[in-house]
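Enquirer: The structure follows.
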Amino acid sequence: MSALETLYGYLPCVKVPRGGEKIYKDECIYCYDTPESEGGLFVCLKSYMGLCHLHVQKFYEKFPENPIYLHLKRTKIEISGAAGGGEAEDPPAKKPTRLAIGVEGGFDVSEEGRYEIQEEISIVVMPGYESFPYPSIEDTPVQIQLAIEGILKSSGADKQSAVEAWDGEVRQVSKHADKLEQLDNGVKVPPKGWKCSRCDLVENLWMNLTDGSIACGRRYFDGSGGNNHAVEQFRETGFPLAVKLGTITPTGADVYSYDEDEMVEDPHLARHLQHFGINMMSMEKTDKTMTELEIDINQRVGEWATIQESDKQLKPMYGPGYTGMKNMGNSCYLNSVMQVIFTLPDFRKRFFEDYDLILNRAPEEAPNDFTTQMAKVGYGLLSGTFSNPPEEEMAAAAAAPPAKKVQNGITPRMFKTLIGKGHTEFSTNRQQDAQEFFLHLINIIDRHSRGTFNPTVSLKYMAEERIQCVQSGKVRYKQRSDYLLSLPVPVELADNREELVVYETRKREKESKGEKMDPKDLVRAKLSLQTCLDSWAEPESIQDFYSSALQARSVANKTTRFATFPNYLMVHLKKFTIGEDWVPKKLDVSMSIPDELDLEHLRGKGIQQGEEELPEGEEPPMEEPAGAGAGATAAAATGQKAEPEIDEGTVIQLSEMGFPTEACRKAVYYTSNCGAEAAMDWIMQHMDDPDFAQPLQIQRAPAGQRPEPEGAAAGGPRAPESSSGLSEEALTILEAMGFTRGQAIRGLKATDNNLERAADWLFSHSDELDTMPMDTAEQESLPAQAAPQVQDGTGKYKLVAFISHMGTSTMCGHYVCHILKDGRWVIYNDEKVAVSENPPKDLAYLYLYQRIQ
């Protein structure tokens with residue numbers, strides 16, 4: 001049979017892209033091999049899934065309806081002179097405008113322009129890897145040609161995701177830009193040869209855009225920079241905008257507003273420069289931008305240098321468990337959390353040791369399957385396949401010619417796209433809070449572990465809350481689950497308070513003169529972790545507490561203790577706060593962190609002898625305010641329930657994230673006012689409902705029954721009832737989702753036997769299911785020995801990892817992590833992995849402690 005006849009036989013298995021499809025032609029859906037890997041990449045001509053040489057056979061065996069593939073093989077060839085030392089020159093780089101990596105306006109880390117790409121294309125038919133060169137086959141079937149050309153011309157799923165995640169963050173346009181006054185004083189500024197008009201400095205020069213005067217910038221902490229003459233010019237004249245000479249290019253320049261006290265954008269910059277004879281389109285960059293200078297300073301001194309250990313020659317590490325993660329554009333928060341998570345044995349077991357089993361169960365569209373993508377990250381980090389020393393190191397070690405070019409580090413773009421899907425923050429390329437991402441990750445893993453081994457249990461603990469009514473002295477104990485110990489950072493209790501006062505006074509004096517403090521003279525607040533623990537353990541006063549003993553409002557004290565201790569405890573320091581000016585900021589503190597921690601003295605003991613419990617009973621409804629209208633009165637008179645109470649604060653919080661207000665109201669109602677997190681979970685599950693953004697409508701119910709919500713978002717039709725009053729089919733479905741039979745009964749009872757609302761209720765109350773009292777039917781449904789939902793043991797721990805943040809707030813900066821491996825600390829700084837010489841434990845943000853057995 002000829003090649004042409006063979007290919008014609010596979011036409012039913014070929015689908016031509018119509019536009020809008022996700023085409024995975026950049027990376028294997030199961031691992032991190034690319035078209036540049038040794039075996040290349042096989043793209044299915046029907047499903048558009050990309051598979052490496054190792055996984056294409058498994059994919060075909062599982063989905064035999066996909067037998068024909070486009071095989072892409074690329075080879076990088078370094079362009080002569082691109083690496084330096086040759087005649088070729090690099091094209092001018094765009095100036096960075098943001099403290100970010102790999103995103104628009106940030107620092108470019110790509111290799112574009114350094115390499116020439118040679119591409120080999122062929123058609124491969126499984127199962128025998130029968131190969132047909134393309135496009136050399138004469139008269140290739142048109143349908144196959146169209147499919148291949150469509151794949152080759154597509155941007156690929158990776159690039160599509162990157163475009164969708166672009167955050168568009170830019171500097172604010174100055175309020176002075178549109179109506180800036182420019183004097184007709186005859187000043188014309190030459191394209192070079194500038195000098196400060198008030199001294200002899202020829203660097204760090206700023207031209208005022210109102211009068212064209214040139215003056216030097218601020219003096220840096222080390223005495224370099226300028227003599228503050230540009231600032232003095234503003235104080236004398238009030239002319240607000242100045243452009244930094246040497247940064248002007250056809251794409252823009254550094255513009256500073258002294259009045260607004262920040263770097264700004266001037267959309268009319270070309271016109272403003274032309275007024276003084278400067279042709280913006282002919283200018284070339286000759287000086288560092290302010291962002292570049294800030295990066296320079298931060299990397300030489302301060303917390304950036306300390307945390308990254310950039311002043312030392314660190315020994316790189318390679319192999320299993322020492323794989324780096326490339327920065328995809330402010331993804332360092334994700335990289336750091338994932339590196340730490342995969343040091344935990346239970347996560348390794350679930351997503352790495354069971355890697356083959358997960359792949360065997362993976363759906364065809366594996367990029368959209370969370371468990372598969374978690375396993376892919378685990379395999380990438382722990383297999384060692386993607387952590388190899390550079391060619392020159394391998395060659396030196398073997399005293400032989402270098403081996404083939406190997407991949408170094410993984411780029412978890414599919415995982416980032418999937419875990420951020422539908423989330424207003426994690427779906428963007430903006431910098432995020434590692435603590436928030438950790439909780440988001442744990443929540444999703446917990447949901448996808450129903451009915452199977454759940455690794456998050458190793459981090460889960462029960463907290464005991466003791467509430468005591470001050471007036472009656474009676475108490476109430478309750479427990480809640482948590483995965484994170486968040487500790488306050490009481491700067492007012494710093495060990496060096498006097499030194500801090502002196503430093504802050506000097507700092508204010510410097511700033512009043514337009515000068516900045518030398519970072520080397522920085523004085524940080526010094527606290528111990530024990531001080532933070534003591535503050536956490538202090539009683540918290542609850543005002544306007546309803547006391548069931550008094551049948552009235554009173555004041556109560558709440559204390560929190562550990563009811564159980566997890567195998568691994570993640571400690572979070574609340575460093576990020578809101579300043580008096582409502583601007584987010586980070587507390588700059590140096591912590592004394594013990595390598596070993598004993599928390600046994602914080603173990604809760606439950607109700608004690610002599611304590612009297614507050615009587616059971618719910619808070620009575622609030623009195624109807626005057627002028628509430630006839631609706632509530634009529635409802636009461638007819639025995640019907642009034643409109644449901646909805647926490648408007650939570651609604652506003654969700655609305656500010658970009659969700660429709662009506663959808664937010666539904667989310668808060670259907671999760672019984674359980675808070676923003678539960679409501680957010682509901683939103684994520686119902687975003688595709690046709691009436692998602694429609695107003696909440698409640699059907700009036702007879703007395704004693706819950707009002708029935710209308711619409712698809714309410715959960716759809718009720719499941720038919722069995723003789724027991726609950727749907728056996730619904731119980732079976734909920735059990736298949738991982739809930740116990742007792743929990744399924746509880747969920748259906750709480751939602752009037754409505755299956756979909758029961759599922760929503762169970763997910764939104766997942767943290768409370770293990771502590772809720774069970775009725776007889778639920779108790780009888782439990783197996784003889786139910787698996788524990790939390791682990792417990794001694795409260796003694798040792799430090800095994802920590803995550804550090806550099807920068808002034810969660811909205812900017814950089815994250816790295818340090819992990820204790822084989823008795824030595826290792827730093828993970830995106831794709832760079834090395835032995836740490838001086839782990840900066842005092843400056844970290846999240847600390848992971850392991851229980852000492």
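By convention here, the chains of the structure tokens are called A, B, ... in the order presented, each chain's residues are numbered starting at 1, and ligands are numbered starting at 1 in the order presented.
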Residues of range 238-470 of chain A in strand (DSSP E or B) according to DSSP, as JSON, numbers by chain?

Expert: {"A": [241, 242, 243, 244, 249, 252, 255, 256, 257, 262, 263, 264, 265, 316, 325, 387, 408, 410, 461, 462, 463, 464, 465, 466, 467, 468, 469]}

Enquirer: Grab the residues selected above and save them as a tab-separated table (two decimals), in the first residue's frame with N, CA and C atoms.

Expert:
chain	number	residue	atom	x	y	z
A	241	LEU	N	6.63	68.05	36.20
A	241	LEU	CA	7.11	66.89	35.46
A	241	LEU	C	8.54	67.07	34.95
A	242	ALA	N	9.30	65.97	35.04
A	242	ALA	CA	10.67	65.97	34.52
A	242	ALA	C	10.93	64.63	33.86
A	243	VAL	N	11.73	64.64	32.79
A	243	VAL	CA	12.08	63.42	32.07
A	243	VAL	C	13.57	63.14	32.30
A	244	LYS	N	13.91	61.88	32.49
A	244	LYS	CA	15.31	61.53	32.70
A	244	LYS	C	16.02	61.45	31.36
A	249	THR	N	13.72	57.02	24.32
A	249	THR	CA	13.79	56.18	23.12
A	249	THR	C	12.47	56.38	22.36
A	252	GLY	N	9.43	55.50	24.56
A	252	GLY	CA	9.09	56.17	25.81
A	252	GLY	C	10.31	56.62	26.58
A	255	VAL	N	9.56	59.30	33.25
A	255	VAL	CA	9.00	60.60	33.59
A	255	VAL	C	8.61	60.57	35.06
A	256	TYR	N	9.04	61.59	35.80
A	256	TYR	CA	8.74	61.65	37.23
A	256	TYR	C	7.89	62.88	37.52
A	257	SER	N	6.88	62.67	38.38
A	257	SER	CA	6.06	63.80	38.83
A	257	SER	C	6.43	64.12	40.27
A	262	GLU	N	5.88	60.20	42.26
A	262	GLU	CA	6.02	58.85	41.71
A	262	GLU	C	6.33	58.92	40.23
A	263	MET	N	6.85	57.77	39.71
A	263	MET	CA	7.06	57.66	38.28
A	263	MET	C	5.69	57.61	37.60
A	264	VAL	N	5.55	58.30	36.47
A	264	VAL	CA	4.25	58.39	35.80
A	264	VAL	C	4.42	58.18	34.30
A	265	GLU	N	3.28	58.09	33.62
A	265	GLU	CA	3.24	58.06	32.17
A	265	GLU	C	2.82	59.43	31.65
A	316	PRO	N	25.62	24.79	42.31
A	316	PRO	CA	24.35	24.32	41.72
A	316	PRO	C	24.10	22.85	42.06
A	325	MET	N	12.12	25.61	38.55
A	325	MET	CA	10.88	25.95	37.85
A	325	MET	C	11.05	27.33	37.22
A	387	SER	N	16.35	17.92	35.20
A	387	SER	CA	17.36	18.61	36.00
A	387	SER	C	18.72	18.00	35.70
A	408	ASN	N	16.76	22.12	31.30
A	408	ASN	CA	17.07	22.44	32.68
A	408	ASN	C	15.90	23.19	33.29
A	410	ILE	N	11.59	23.09	34.68
A	410	ILE	CA	10.29	22.88	34.06
A	410	ILE	C	9.52	24.20	34.03
A	461	TYR	N	-5.08	20.48	60.90
A	461	TYR	CA	-5.17	20.34	62.35
A	461	TYR	C	-6.50	20.92	62.82
A	462	MET	N	-6.91	20.53	64.01
A	462	MET	CA	-8.12	21.07	64.61
A	462	MET	C	-7.72	22.11	65.66
A	463	ALA	N	-8.33	23.27	65.56
A	463	ALA	CA	-8.12	24.33	66.54
A	463	ALA	C	-9.29	24.34	67.52
A	464	GLU	N	-8.98	24.52	68.78
A	464	GLU	CA	-10.00	24.58	69.82
A	464	GLU	C	-10.22	26.04	70.20
A	465	GLU	N	-11.46	26.49	70.08
A	465	GLU	CA	-11.79	27.87	70.46
A	465	GLU	C	-12.64	27.84	71.73
A	466	ARG	N	-12.19	28.57	72.73
A	466	ARG	CA	-12.91	28.68	74.00
A	466	ARG	C	-13.44	30.10	74.13
A	467	ILE	N	-14.76	30.21	74.21
A	467	ILE	CA	-15.41	31.51	74.34
A	467	ILE	C	-16.05	31.59	75.72
A	468	GLN	N	-15.70	32.63	76.47
A	468	GLN	CA	-16.25	32.80	77.82
A	468	GLN	C	-16.98	34.13	77.92
A	469	CYS	N	-18.24	34.02	78.32
A	469	CYS	CA	-19.04	35.23	78.58
A	469	CYS	C	-18.48	35.91	79.82

Enquirer: Based on the backbone DSSP call, show me all residues of range 334-557 of chain A assigned helix (DSSP H, G or I), as a PyMOL selection string.

Expert: chain A and resi 334-341+345-353+355-361+366-368+370-382+391-398+413-420+434-447+455-459+491-493+497-512+519-521+529-537

Enquirer: Expressed in Å to a single decimal, how great is the separation between CA of Phe562 in chain A and CA of Arg350 in chain A?

Expert: 26.8 Å

Enquirer: One decimal, Å: what's the distance from CA of Ala663 in chain A over to CA of Phe692 in chain A, could you say?

Expert: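 Value for the CA of Ala663 in chain A-CA of Phe692 in chain A distance: 5.7 Å.
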
Enquirer: Given the choices A:Ala230, A:Leu146, A:Leu273, A:Met680, which gets closest to Leu180 in chain A if the distance is worked out from only C-alpha atoms?

Expert: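 For Leu180 in chain A, the nearest of the candidates is A:Leu273.
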
Enquirer: Would you pick out the contacts of Glu36 in chain A at 7 Å or less, using only C-alpha atoms, so that residues sharing its chain but fewer than 2 positions from it are not included, and give the list as a ChimeraX atom specification?

Expert: /A:34,38,40,73-75

Enquirer: Put those residues in a file: N, CA, C and O atoms, as a PDB file, in the first residue's frame.

Expert:
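After the write, out10.pdb holds the following:
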ATOM      1  N   THR A  34       9.395  18.832  24.996  1.00  0.00           N
ATOM      2  CA  THR A  34       8.945  19.791  23.995  1.00  0.00           C
ATOM      3  C   THR A  34       9.410  19.327  22.620  1.00  0.00           C
ATOM      4  O   THR A  34      10.107  18.309  22.506  1.00  0.00           O
ATOM      5  N   GLU A  38      14.633  15.213  22.779  1.00  0.00           N
ATOM      6  CA  GLU A  38      15.256  14.221  21.894  1.00  0.00           C
ATOM      7  C   GLU A  38      14.253  13.561  20.960  1.00  0.00           C
ATOM      8  O   GLU A  38      14.529  13.365  19.777  1.00  0.00           O
ATOM      9  N   GLY A  40      11.234  14.733  20.175  1.00  0.00           N
ATOM     10  CA  GLY A  40      10.284  15.654  19.591  1.00  0.00           C
ATOM     11  C   GLY A  40       8.914  15.550  20.246  1.00  0.00           C
ATOM     12  O   GLY A  40       8.755  14.968  21.321  1.00  0.00           O
ATOM     13  N   LYS A  73       9.889  18.255  15.412  1.00  0.00           N
ATOM     14  CA  LYS A  73      11.235  18.110  16.007  1.00  0.00           C
ATOM     15  C   LYS A  73      12.006  19.373  15.688  1.00  0.00           C
ATOM     16  O   LYS A  73      12.200  19.739  14.526  1.00  0.00           O
ATOM     17  N   ARG A  74      12.420  20.067  16.748  1.00  0.00           N
ATOM     18  CA  ARG A  74      13.156  21.315  16.559  1.00  0.00           C
ATOM     19  C   ARG A  74      14.553  21.196  17.137  1.00  0.00           C
ATOM     20  O   ARG A  74      14.752  20.563  18.180  1.00  0.00           O
ATOM     21  N   THR A  75      15.488  21.884  16.500  1.00  0.00           N
ATOM     22  CA  THR A  75      16.880  21.919  16.978  1.00  0.00           C
ATOM     23  C   THR A  75      17.325  23.376  17.057  1.00  0.00           C
ATOM     24  O   THR A  75      17.152  24.136  16.099  1.00  0.00           O
TER      25      THR A  75
END

Enquirer: Which residue gives the smallest distance to Lys188 in chain A among A:Asp446, A:Asp822, A:Asp211, A:Glu65, with only C-alpha atoms counted?

Expert: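 The answer is A:Asp211, which sits nearest to Lys188 in chain A.
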